[in-house]
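S.K.: My structure file run.cif, mmCIF, C-alpha atoms, is below:
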```cif
data_input
#
loop_
_atom_site.label_atom_id
_atom_site.label_comp_id
_atom_site.auth_asym_id
_atom_site.auth_seq_id
_atom_site.Cartn_x
_atom_site.Cartn_y
_atom_site.Cartn_z
CA MET P 1 -29.41 -23.30 5.61
CA THR P 2 -27.20 -20.23 5.42
CA ALA P 3 -24.89 -18.52 2.99
CA SER P 4 -21.28 -17.76 3.81
CA PRO P 5 -19.95 -14.21 3.25
CA ALA P 6 -18.27 -15.42 0.07
CA GLY P 7 -21.57 -16.67 -1.26
CA ILE P 8 -21.30 -20.45 -0.91
CA GLU P 9 -24.64 -21.81 0.17
CA LEU P 10 -23.84 -24.08 3.09
CA SER P 11 -25.87 -26.08 5.55
CA ALA P 12 -25.73 -24.75 9.12
CA ALA P 13 -23.33 -27.52 10.18
CA ALA P 14 -21.05 -26.92 7.18
CA GLU P 15 -21.13 -23.17 7.81
CA ALA P 16 -20.00 -23.68 11.41
CA ARG P 17 -17.30 -26.14 10.34
CA LEU P 18 -15.95 -23.73 7.67
CA ALA P 19 -15.86 -20.85 10.16
CA ALA P 20 -14.00 -23.03 12.67
CA TYR P 21 -11.53 -24.18 10.00
CA LEU P 22 -10.79 -20.61 8.85
CA ASP P 23 -10.40 -19.54 12.50
CA GLN P 24 -7.90 -22.36 12.90
CA VAL P 25 -6.03 -21.17 9.79
CA ARG P 26 -5.80 -17.66 11.22
CA ALA P 27 -4.89 -18.86 14.72
CA VAL P 28 -2.03 -21.00 13.43
CA LEU P 29 -0.64 -18.48 10.95
CA THR P 30 -1.12 -15.23 12.88
CA ARG P 31 1.89 -16.18 14.97
CA THR P 32 3.98 -16.53 11.81
CA PRO P 33 4.94 -12.99 10.82
CA GLU P 34 6.37 -13.92 7.43
CA VAL P 35 2.90 -14.71 6.06
CA SER P 36 -0.43 -12.88 6.06
CA ALA P 37 -2.92 -15.05 7.94
CA ASP P 38 -5.96 -13.15 6.67
CA GLU P 39 -4.80 -13.29 3.08
CA ILE P 40 -4.24 -17.03 3.33
CA ALA P 41 -7.67 -17.49 4.91
CA ALA P 42 -9.18 -15.56 1.97
CA ASP P 43 -7.23 -17.73 -0.50
CA VAL P 44 -8.39 -20.88 1.26
CA ARG P 45 -11.99 -19.76 1.19
CA GLU P 46 -11.69 -19.03 -2.54
CA HIS P 47 -10.15 -22.49 -2.98
CA ILE P 48 -13.08 -24.09 -1.17
CA GLU P 49 -15.54 -22.16 -3.34
CA HIS P 50 -13.85 -23.50 -6.47
CA GLU P 51 -13.89 -27.04 -5.11
CA LEU P 52 -17.59 -26.84 -4.33
CA VAL P 53 -18.67 -25.57 -7.74
CA GLY P 54 -21.20 -28.03 -9.08
CA THR P 55 -21.95 -29.53 -5.64
CA ALA P 56 -25.64 -29.72 -4.73
CA ARG P 57 -26.88 -26.76 -2.66
CA PRO P 58 -26.91 -26.33 0.25
CA VAL P 59 -23.45 -27.90 0.55
CA GLY P 60 -23.48 -30.46 3.33
CA LEU P 61 -20.88 -31.20 5.94
CA GLY P 62 -19.69 -34.35 4.12
CA ASP P 63 -18.81 -32.51 0.90
CA LEU P 64 -17.06 -29.77 2.85
CA GLU P 65 -15.09 -32.27 4.95
CA ALA P 66 -13.79 -33.92 1.76
CA VAL P 67 -12.40 -30.57 0.56
CA LEU P 68 -10.94 -29.72 3.98
CA GLY P 69 -9.37 -33.18 4.09
CA ARG P 70 -7.53 -32.49 0.84
CA LEU P 71 -6.39 -29.10 2.15
CA GLY P 72 -5.01 -30.75 5.25
CA PRO P 73 -4.72 -29.51 8.84
CA PRO P 74 -3.53 -25.86 9.06
CA SER P 75 -1.11 -26.87 11.83
CA GLY P 76 1.01 -28.51 9.12
CA TRP P 77 1.24 -25.37 7.00
CA VAL P 78 3.67 -23.39 9.14
CA PRO P 79 6.96 -22.96 7.29
CA SER P 80 9.28 -25.54 8.85
CA SER P 81 12.38 -23.33 8.83
CA ARG P 82 10.76 -20.61 10.91
CA GLY P 83 8.56 -22.22 13.53
CA ALA P 84 5.65 -20.36 15.03
CA ALA P 85 5.53 -19.19 18.62
CA PRO P 86 4.18 -21.78 21.06
CA ALA P 87 0.43 -22.08 20.88
CA ALA P 88 -1.74 -20.71 23.64
CA GLY P 89 -3.53 -23.14 25.88
CA SER P 90 -0.56 -25.03 27.23
CA GLY P 91 -1.11 -23.62 30.73
CA PHE P 92 -1.10 -19.97 31.86
CA PRO P 93 2.52 -18.97 32.44
CA GLY P 94 1.84 -16.03 34.80
CA ILE P 95 1.10 -12.38 34.20
CA ARG P 96 4.65 -11.09 33.56
CA PRO P 97 5.64 -13.73 30.96
CA TYR P 98 2.19 -13.34 29.44
CA LEU P 99 2.56 -9.56 29.10
CA ARG P 100 6.13 -9.98 27.81
CA GLU P 101 4.85 -12.42 25.19
CA ARG P 102 1.99 -10.11 24.17
CA TRP P 103 4.44 -7.20 23.85
CA ARG P 104 6.75 -9.37 21.75
CA VAL P 105 3.87 -10.37 19.46
CA ALA P 106 2.75 -6.72 19.14
CA ARG P 107 6.31 -5.69 18.25
CA GLU P 108 6.58 -8.50 15.72
CA VAL P 109 3.29 -7.52 14.14
CA LEU P 110 4.25 -3.84 14.06
CA TRP P 111 7.67 -4.27 12.51
CA ARG P 112 7.61 -7.58 10.71
CA GLY P 113 3.97 -8.61 10.49
CA PRO P 114 1.65 -8.41 7.50
CA HIS P 115 1.44 -4.76 6.52
CA ASP P 116 -2.37 -4.73 6.61
CA TRP P 117 -2.27 -5.61 10.34
CA ARG P 118 0.63 -3.24 10.96
CA LEU P 119 -1.47 -0.43 9.52
CA ALA P 120 -4.38 -1.39 11.75
CA TYR P 121 -2.23 -1.38 14.90
CA LEU P 122 -0.53 1.88 13.94
CA ALA P 123 -3.81 3.57 13.07
CA PHE P 124 -5.41 2.64 16.39
CA GLY P 125 -2.22 3.40 18.32
CA LEU P 126 -2.09 6.95 16.95
CA PHE P 127 -5.80 7.40 17.57
CA ALA P 128 -5.40 6.29 21.20
CA LEU P 129 -2.33 8.51 21.58
CA GLY P 130 -4.36 11.45 20.29
CA VAL P 131 -7.02 10.80 22.95
CA LEU P 132 -4.34 10.72 25.67
CA ALA P 133 -2.53 13.83 24.40
CA PHE P 134 -5.79 15.63 23.74
CA PRO P 135 -4.51 19.05 22.55
CA LEU P 136 -2.74 17.20 19.72
CA PHE P 137 -5.81 15.10 18.91
CA PRO P 138 -6.55 16.72 15.48
CA LEU P 139 -2.99 15.97 14.30
CA PHE P 140 -3.10 12.36 15.52
CA LEU P 141 -6.59 11.95 14.10
CA VAL P 142 -5.45 12.98 10.61
CA LEU P 143 -2.47 10.58 10.78
CA SER P 144 -4.52 7.66 12.10
CA TYR P 145 -7.25 8.38 9.52
CA VAL P 146 -4.76 8.15 6.65
CA LEU P 147 -3.25 4.93 8.03
CA ALA P 148 -6.68 3.38 8.65
CA ARG P 149 -7.80 4.19 5.10
CA ALA P 150 -4.57 2.63 3.83
CA GLY P 151 -5.27 -0.45 5.98
CA LEU P 152 -8.78 -0.79 4.55
CA ALA P 153 -7.44 -0.32 1.01
CA ALA P 154 -4.72 -2.94 1.60
CA ALA P 155 -7.29 -5.45 2.87
CA ARG P 156 -9.51 -4.79 -0.15
CA GLU P 157 -6.56 -5.12 -2.52
CA GLN P 158 -5.66 -8.49 -1.03
CA GLY P 159 -9.25 -9.66 -1.13
CA VAL P 160 -9.15 -9.98 2.67
CA GLU P 161 -12.30 -9.49 4.69
CA VAL P 162 -11.87 -6.91 7.47
CA GLY P 163 -13.13 -8.95 10.39
CA PRO P 164 -14.40 -7.61 13.72
CA ALA P 165 -10.94 -7.62 15.34
CA ARG P 166 -9.31 -5.47 12.70
CA GLY P 167 -12.51 -3.47 12.31
CA TRP P 168 -12.19 -2.26 15.90
CA LEU P 169 -8.66 -1.07 15.13
CA LEU P 170 -9.35 0.54 11.76
CA TYR P 171 -12.81 2.03 11.98
CA PRO P 172 -12.66 4.44 15.00
CA PRO P 173 -10.64 7.18 13.23
CA VAL P 174 -12.38 6.56 9.91
CA ALA P 175 -15.87 6.61 11.41
CA LEU P 176 -15.07 9.72 13.47
CA VAL P 177 -13.79 11.70 10.46
CA SER P 178 -16.65 10.49 8.25
CA THR P 179 -19.22 11.40 10.93
CA VAL P 180 -17.74 14.89 11.31
CA LEU P 181 -17.78 15.38 7.52
CA LEU P 182 -21.35 14.11 7.34
CA LEU P 183 -22.43 16.44 10.15
CA ALA P 184 -20.70 19.33 8.34
CA VAL P 185 -22.73 18.56 5.20
CA VAL P 186 -25.93 18.44 7.26
CA ALA P 187 -25.00 21.64 9.14
CA VAL P 188 -24.47 23.76 6.00
CA PRO P 189 -28.17 24.63 5.40
CA PHE P 190 -28.68 25.40 9.12
CA GLY P 191 -25.72 27.78 9.04
CA ALA P 192 -26.79 29.29 5.72
CA THR P 193 -30.34 29.86 7.00
CA ALA P 194 -29.04 31.49 10.19
CA ALA P 195 -26.72 33.73 8.14
CA VAL P 196 -29.49 34.78 5.72
CA VAL P 197 -31.88 35.53 8.60
CA ALA P 198 -29.22 37.51 10.49
CA MET P 199 -28.32 39.58 7.43
CA THR P 200 -31.99 40.22 6.60
CA GLN P 201 -32.74 41.35 10.15
CA ASP P 202 -29.73 43.60 10.16
CA ALA P 203 -30.79 45.20 6.86
CA ASP P 204 -34.36 45.54 8.17
CA HIS P 205 -33.14 47.18 11.37
CA HIS P 206 -31.11 49.73 9.46
CA GLN P 207 -33.92 50.42 6.99
CA ARG P 208 -36.40 50.99 9.84
CA TRP P 209 -34.03 53.41 11.50
CA GLU P 210 -33.53 55.27 8.16
CA ARG P 211 -37.27 55.49 7.58
CA ALA P 212 -37.82 56.71 11.13
CA GLY P 213 -35.63 59.71 10.24
CA ARG P 214 -32.31 58.46 11.67
CA PRO P 215 -33.36 59.30 15.25
CA ASP P 216 -30.88 59.67 18.08
CA ASN P 217 -31.48 57.57 21.16
CA PRO P 218 -32.14 59.92 24.12
CA GLN P 219 -30.46 57.38 26.37
CA TYR P 220 -27.08 57.90 24.67
CA ARG P 221 -27.13 61.33 22.97
CA THR P 222 -24.19 60.96 20.60
CA PHE P 223 -23.03 63.33 17.88
CA TYR P 224 -23.23 60.55 15.31
CA PRO P 225 -26.47 58.62 15.85
CA THR P 226 -26.57 55.09 14.36
CA ALA P 227 -29.14 52.34 14.12
CA GLY P 228 -27.03 50.33 16.57
CA LEU P 229 -28.16 52.63 19.40
CA TRP P 230 -31.63 51.14 19.14
CA GLY P 231 -32.86 47.68 19.93
CA ARG P 232 -34.83 46.11 17.12
CA GLY P 233 -38.08 45.81 19.06
CA GLU P 234 -37.63 49.22 20.65
CA LEU P 235 -37.28 50.91 17.26
CA ARG P 236 -40.41 49.17 16.02
CA THR P 237 -42.44 50.20 19.10
CA ARG P 238 -41.26 53.81 19.14
CA PHE P 239 -41.74 54.38 15.40
CA PRO P 240 -44.70 52.22 14.33
CA ASP P 241 -45.16 54.24 11.14
CA ALA P 242 -41.68 53.44 9.87
CA THR P 243 -42.44 50.29 7.86
CA THR P 244 -39.86 48.28 5.98
CA THR P 245 -39.64 45.90 3.01
CA GLN P 246 -39.56 43.01 5.49
CA ASP P 247 -42.79 44.20 7.08
CA ARG P 248 -44.46 44.13 3.67
CA LEU P 249 -43.08 40.67 2.94
CA LEU P 250 -44.09 39.25 6.32
CA GLY P 251 -47.51 40.84 5.90
CA VAL P 252 -48.28 38.15 3.34
CA PHE P 253 -48.09 35.48 6.09
CA PRO P 254 -51.05 34.94 8.44
CA GLY P 255 -51.14 35.52 12.19
CA PRO P 256 -49.72 38.07 14.61
CA GLU P 257 -46.34 39.71 14.05
CA ASP P 258 -44.24 37.18 16.02
CA VAL P 259 -45.85 34.23 14.29
CA ARG P 260 -45.37 35.86 10.87
CA GLU P 261 -41.67 36.29 11.64
CA VAL P 262 -41.30 32.59 12.56
CA LEU P 263 -43.15 31.62 9.38
CA GLY P 264 -40.84 33.88 7.36
CA VAL P 265 -37.73 32.25 8.85
CA GLY P 266 -39.25 28.82 8.15
CA PHE P 267 -39.93 29.81 4.56
CA VAL P 268 -36.34 31.01 4.02
CA GLY P 269 -35.05 27.83 5.70
CA ALA P 270 -37.19 25.64 3.46
CA GLY P 271 -35.69 27.29 0.37
CA VAL P 272 -32.12 26.96 1.62
CA PHE P 273 -32.65 23.29 2.59
CA ALA P 274 -34.27 22.48 -0.76
CA LEU P 275 -31.45 24.19 -2.66
CA TRP P 276 -28.77 22.40 -0.63
CA GLY P 277 -30.59 19.08 -0.97
CA ALA P 278 -30.72 19.53 -4.75
CA VAL P 279 -27.01 20.33 -4.99
CA VAL P 280 -25.88 17.52 -2.65
CA GLY P 281 -28.36 14.98 -4.01
CA LEU P 282 -27.48 15.55 -7.66
CA LEU P 283 -23.73 15.56 -6.94
CA ALA P 284 -23.95 12.42 -4.80
CA GLY P 285 -26.10 10.75 -7.45
CA ALA P 286 -23.60 11.62 -10.17
CA PHE P 287 -20.54 10.54 -8.17
CA PRO P 288 -21.58 7.68 -5.84
CA GLY P 289 -18.01 6.33 -5.76
CA ALA P 290 -16.70 9.59 -4.37
CA VAL P 291 -19.42 9.58 -1.70
CA ARG P 292 -18.53 6.01 -0.67
CA ALA P 293 -14.83 6.93 -0.59
CA VAL P 294 -15.26 10.11 1.47
CA PHE P 295 -17.82 8.81 3.96
CA VAL P 296 -16.38 5.34 4.71
CA PRO P 297 -17.98 3.19 6.16
CA TYR P 298 -21.33 4.92 5.50
CA PHE P 299 -23.12 4.47 2.16
CA ALA P 300 -21.06 1.31 1.46
CA GLY P 301 -23.77 -0.25 -0.69
CA SER P 302 -25.03 2.97 -2.26
CA ASP P 303 -25.14 3.25 -6.05
CA GLY P 304 -26.40 6.83 -5.98
CA THR P 305 -30.03 6.03 -6.88
CA THR P 306 -31.50 7.36 -3.62
CA ALA P 307 -29.31 10.46 -3.80
CA ARG P 308 -30.48 11.15 -7.36
CA ARG P 309 -34.13 10.78 -6.28
CA VAL P 310 -33.59 13.16 -3.35
CA GLY P 311 -31.81 15.58 -5.71
CA VAL P 312 -34.66 15.56 -8.24
CA LEU P 313 -37.25 15.94 -5.47
CA CYS P 314 -35.34 18.92 -4.07
CA VAL P 315 -35.09 20.50 -7.53
CA LEU P 316 -38.89 20.29 -7.69
CA LEU P 317 -39.16 21.83 -4.22
CA VAL P 318 -36.79 24.64 -5.25
CA ALA P 319 -38.97 25.32 -8.29
CA ILE P 320 -42.11 25.42 -6.12
CA TRP P 321 -40.33 27.60 -3.57
CA GLY P 322 -39.25 29.97 -6.34
CA GLY P 323 -42.82 30.23 -7.60
CA VAL P 324 -44.18 30.95 -4.10
CA SER P 325 -41.42 33.51 -3.48
CA ASP P 326 -42.30 35.31 -6.69
CA ARG P 327 -45.92 35.45 -5.57
CA ILE P 328 -44.98 36.79 -2.13
CA LEU P 329 -42.74 39.48 -3.67
CA THR P 330 -45.51 40.48 -6.06
CA GLU P 331 -48.20 40.56 -3.34
CA ALA P 332 -45.92 42.60 -1.08
CA GLY P 333 -45.31 45.03 -3.92
CA VAL P 334 -41.56 44.52 -3.74
CA VAL P 335 -41.30 43.71 -7.46
CA MET V 1 15.14 -48.76 7.28
CA ASP V 2 13.48 -46.69 10.03
CA PRO V 3 10.06 -45.69 8.64
CA ASP V 4 9.97 -42.51 10.81
CA PHE V 5 13.31 -41.42 9.43
CA LEU V 6 12.12 -42.05 5.87
CA ALA V 7 8.88 -40.13 6.42
CA ASN V 8 10.74 -37.19 7.96
CA TRP V 9 13.37 -37.18 5.23
CA THR V 10 10.71 -37.32 2.49
CA THR V 11 8.82 -34.44 4.12
CA GLN V 12 11.96 -32.30 4.29
CA VAL V 13 12.90 -33.02 0.65
CA ARG V 14 9.34 -32.31 -0.45
CA LYS V 15 9.15 -29.03 1.47
CA GLY V 16 12.44 -27.84 0.01
CA LEU V 17 11.37 -28.66 -3.51
CA LEU V 18 7.87 -27.25 -3.13
CA ASP V 19 9.27 -23.68 -3.06
CA LEU V 20 10.95 -24.33 -6.39
CA CYS V 21 7.84 -25.95 -7.86
CA VAL V 22 5.55 -23.06 -6.80
CA LEU V 23 7.82 -20.53 -8.46
CA ALA V 24 8.19 -22.78 -11.52
CA ALA V 25 4.39 -23.06 -11.81
CA LEU V 26 4.30 -19.31 -12.37
CA ARG V 27 7.04 -19.26 -14.99
CA GLY V 28 4.55 -19.45 -17.86
CA GLY V 29 2.56 -16.43 -16.68
CA ARG V 30 0.06 -15.42 -14.04
CA ARG V 31 -2.13 -18.07 -12.38
CA TYR V 32 -4.68 -17.93 -9.63
CA GLY V 33 -4.03 -19.78 -6.37
CA TYR V 34 -6.46 -22.64 -6.96
CA ASP V 35 -4.92 -23.30 -10.37
CA ILE V 36 -1.41 -23.48 -8.88
CA VAL V 37 -2.56 -25.88 -6.17
CA LYS V 38 -4.31 -28.19 -8.62
CA ARG V 39 -1.34 -28.14 -10.99
CA LEU V 40 1.10 -29.13 -8.25
CA SER V 41 -1.29 -31.62 -6.63
CA GLY V 42 -1.15 -33.55 -9.89
CA VAL V 43 2.55 -34.29 -9.32
CA ALA V 44 2.72 -37.58 -7.44
CA GLY V 45 4.18 -37.31 -3.95
CA LEU V 46 4.83 -33.57 -4.10
CA VAL V 47 1.86 -32.10 -2.22
CA ILE V 48 0.43 -33.84 0.84
CA GLY V 49 -1.99 -31.11 1.99
CA GLU V 50 -3.20 -28.74 -0.72
CA GLY V 51 -3.37 -25.94 1.84
CA THR V 52 0.42 -25.89 2.23
CA ILE V 53 0.74 -23.98 -1.05
CA TYR V 54 -1.02 -20.84 0.19
CA PRO V 55 1.42 -19.96 3.01
CA ILE V 56 4.26 -20.42 0.51
CA LEU V 57 2.59 -17.98 -1.89
CA SER V 58 1.99 -15.54 0.97
CA ARG V 59 5.64 -15.79 2.07
CA PHE V 60 6.85 -15.28 -1.50
CA LYS V 61 4.64 -12.23 -1.77
CA LYS V 62 6.09 -10.76 1.41
CA ASP V 63 9.59 -11.51 0.13
CA GLY V 64 8.81 -9.73 -3.15
CA LEU V 65 9.15 -12.85 -5.31
CA VAL V 66 5.54 -12.83 -6.48
CA GLU V 67 2.87 -10.17 -6.73
CA THR V 68 -0.90 -10.37 -6.87
CA ALA V 69 -3.54 -8.69 -8.96
CA LEU V 70 -7.32 -8.91 -8.91
CA ALA V 71 -8.89 -9.61 -12.29
CA GLU V 72 -12.52 -9.98 -13.29
CA SER V 73 -13.66 -13.54 -13.83
CA PRO V 74 -16.42 -14.57 -16.23
CA ASP V 75 -17.44 -17.30 -13.74
CA GLY V 76 -18.13 -15.09 -10.75
CA PRO V 77 -16.30 -12.74 -8.38
CA ALA V 78 -12.88 -11.28 -9.23
CA ARG V 79 -10.00 -13.73 -8.91
CA LYS V 80 -6.67 -13.06 -7.32
CA TYR V 81 -3.84 -13.89 -9.68
CA TYR V 82 -0.24 -14.52 -8.68
CA GLN V 83 2.65 -13.70 -10.96
CA LEU V 84 6.43 -13.67 -10.67
CA THR V 85 8.18 -10.37 -10.02
CA PRO V 86 11.48 -9.72 -11.85
CA ARG V 87 13.24 -10.67 -8.62
CA GLY V 88 11.28 -13.93 -8.41
CA ARG V 89 12.11 -14.72 -12.02
CA VAL V 90 15.85 -14.24 -11.38
CA LEU V 91 15.68 -16.36 -8.23
CA LEU V 92 13.77 -19.10 -10.06
CA GLY V 93 16.50 -19.23 -12.73
CA ALA V 94 19.15 -19.56 -10.04
CA MET V 95 17.14 -22.24 -8.19
CA VAL V 96 16.59 -24.25 -11.37
CA SER V 97 20.33 -24.15 -12.13
CA ALA V 98 21.19 -25.12 -8.55
CA TRP V 99 18.63 -27.95 -8.61
CA ALA V 100 19.98 -29.27 -11.95
CA GLU V 101 23.49 -29.25 -10.56
CA VAL V 102 22.52 -31.03 -7.33
CA ARG V 103 20.36 -33.57 -9.16
CA SER V 104 23.09 -34.40 -11.65
CA GLY V 105 25.60 -34.74 -8.81
CA ILE V 106 23.27 -36.99 -6.83
CA ASP V 107 22.48 -39.05 -9.91
CA TYR V 108 26.21 -39.49 -10.47
CA VAL V 109 26.82 -40.51 -6.85
CA ILE V 110 23.89 -42.92 -6.82
CA GLY V 111 24.93 -44.31 -10.20
CA ALA V 112 28.58 -44.72 -9.17
CA GLU V 113 27.67 -46.35 -5.85
CA SER V 114 25.36 -48.82 -7.54
CA GLN V 115 28.15 -50.02 -9.91
CA PRO V 116 29.54 -53.44 -8.89
#
```
Taking this structure as input, can you express it in the form of structure tokens?
M.R.:
Amino acid sequence: MTASPAGIELSAAAEARLAAYLDQVRAVLTRTPEVSADEIAADVREHIEHELVGTARPVGLGDLEAVLGRLGPPSGWVPSSRGAAPAAGSGFPGIRPYLRERWRVAREVLWRGPHDWRLAYLAFGLFALGVLAFPLFPLFLVLSYVLARAGLAAAREQGVEVGPARGWLLYPPVALVSTVLLLAVVAVPFGATAAVVAMTQDADHHQRWERAGRPDNPQYRTFYPTAGLWGRGELRTRFPDATTTQDRLLGVFPGPEDVREVLGVGFVGAGVFALWGAVVGLLAGAFPGAVRAVFVPYFAGSDGTTARRVGVLCVLLVAIWGGVSDRILTEAGVV
Amino acid sequence: MDPDFLANWTTQVRKGLLDLCVLAALRGGRRYGYDIVKRLSGVAGLVIGEGTIYPILSRFKKDGLVETALAESPDGPARKYYQLTPRGRVLLGAMVSAWAEVRSGIDYVIGAESQP
């Protein structure tokens, strides 16, 4: 016993029969550019759902066959005035006619086919073109991303399920852009931590040089000595009495000097990550729709609950971090 | 009478009229696909396979004669409703007039030919 994507509870045999029938609908109508095969398949599935309301669950093959019998064979649905292209399977005609036929079908789909499929083909075509003409990849990626999003929106609007075939055409640019955006969000606290650490070390270096009496480096002997003439470690070794605010702060941490420095960087990083997690978590929890829209296809089923929990947890961590920071500053005599 | 000829002729007449009937079913307002199918299936001899209605609706949509809208349903998932566009409404009026004219002409011919 299984359940179809639309939610009808079907027996395994009925499930297989329904899938085969809908495949047949698509196969017959895909070659007819004046109709949308996927949309019709969605309509037919909805029709079957209505017909089976009130039928005992799981719906058996017999009940399903009765409904399919009333719908009739899809081969009889093709508009008579505009016949479909000959069906495949009537013998392989050779590679050149085959390629010519495929090219004709692709052209038909691109220019006259259902617009949801046209968007899929165009989106993937531009994406592939971007890969081939690599220097122009960002431009092609933006174009294919917009078209793919439009294709997904069109399918949703029509109530059409984006199957695996169209998924392979639509999702590459969307998934790539969403992944890059997601990585950018994840990278922010790493970058912020690195920036804070670099600025702190720079300020510490300058302060140490000031407290050492602005010494000139005998190696260079310039008229205008600066802290930049000294390496950080060198300045510390040569002038061990010149202590800085950072030294006092790191003195609160246990262990030798190198270990204390690593612990200090870790502590700063923990604060930055907690702060970023609180901001992102609370925003994502407040606007789950925006998150789903920006990061398609990730977070498709998210209602923001997890994000809110992460946000609240990070707010707590920020509060704890703030308390510990205050204690460190007090112990170090900085405040 | 050749039965094959009759069957083919009936099919052609039915297919031609089905376009008119699908548009006419939407004259009163928006309907969802299943409702249209069931309404037309109730007309004797008009619909052989219920599935034939959906490609007609899809073709009309592509031609801009009908449009669709999703609306919440109290019975379950959102339903897709079909409704006539202004263009479809104009075309339906023209088709109804043309059909009335043809039918009256045919009735006259059949009536005249059956006179002794």
S.K.: Which is closest to chain V among P:Gly60, P:Gly255, P:Gly54, P:Pro74, if we use all atoms listed in the file?
M.R.: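 With all atoms listed in the file as the atom set, the closest residue is P:Pro74.
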S.K.: Hey, what's within 12 Å of V:Leu17 if we count only C-alpha atoms and toss same-chain stuff fewer than 6 positions away? As a VMD selection string, please?
M.R.: chain V and resid 10 to 11 23 to 24 40 43 45 to 47 53 56 92 95 to 96 98 to 99 103
S.K.: Given the choices V:Gly28, V:Gly49, V:Gly105, V:Pro74, which gets closest to chain P if the distance is worked out from only C-alpha atoms?
M.R.: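 Among the listed residues, the smallest separation from chain P belongs to V:Gly49.
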S.K.: When the PyMOL selection byres ((chain V) within 10 of (chain P)) is applied to the structure above, which residues does it catch, written out as a ChimeraX atom specification?
M.R.: /V:12,15-16,32-35,37-38,41,47-63,68-70,77-80
S.K.: If I take atom CA of P:Val334 and atom CA of P:Ala278, how far is one from the other in Å, to one decimal?
M.R.: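 Rounded to one decimal, the two atoms are 27.3 Å apart.
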S.K.: Can you tell me, as an MDAnalysis selection string, which residues sit within 10 Å of (-7.5, -0.4, 6.1) in the file's frame, using all atoms listed in the file?
M.R.: chainID P and resid 115:120 123 145:157 162 166:167 169:171 174
S.K.: Report the residues retrieved by the PyMOL selection byres ((chain P and resi 138) around 12) from the displayed file, expressed as JSON, numbers by chain.
M.R.: {"P": [126, 127, 128, 129, 130, 131, 133, 134, 135, 136, 137, 139, 140, 141, 142, 143, 144, 145, 173, 176, 177]}
S.K.: So which residues touch V:Leu65 within 8 Å, counting only C-alpha atoms, skipping near sequence neighbours fewer than 3 positions away, as a list in words?
M.R.: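 Answer for this query is Phe60, Lys61, Lys62, Leu84, Thr85, Pro86, Arg87, Gly88, Arg89 and Leu91 of chain V.
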S.K.: Box time for stretch 60-74 of chain V: axis-aligned, enclosing all its listed atoms, 4 Å extra on each side; report centre and edge lengths in Å to one decimal, as AutoDock Vina command-line options.
M.R.:
```
--center_x -3.4 --center_y -12.0 --center_z -7.4 --size_x 34.0 --size_y 14.6 --size_z 25.6
```
S.K.: Any chance you could resolve the PyMOL selection byres ((chain P and resi 285) around 12) against this file and give the residues as a list in words?
M.R.: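 On the file shown, the PyMOL selection byres ((chain P and resi 285) around 12) covers Gly277, Ala278, Val279, Val280, Gly281, Leu282, Leu283, Ala284, Ala286, Phe287, Pro288, Gly289, Ala290, Val291, Arg292, Phe299, Ser302, Asp303, Gly304, Thr305, Thr306, Ala307, Arg308, Arg309, Val310, Gly311 and Val312 of chain P.
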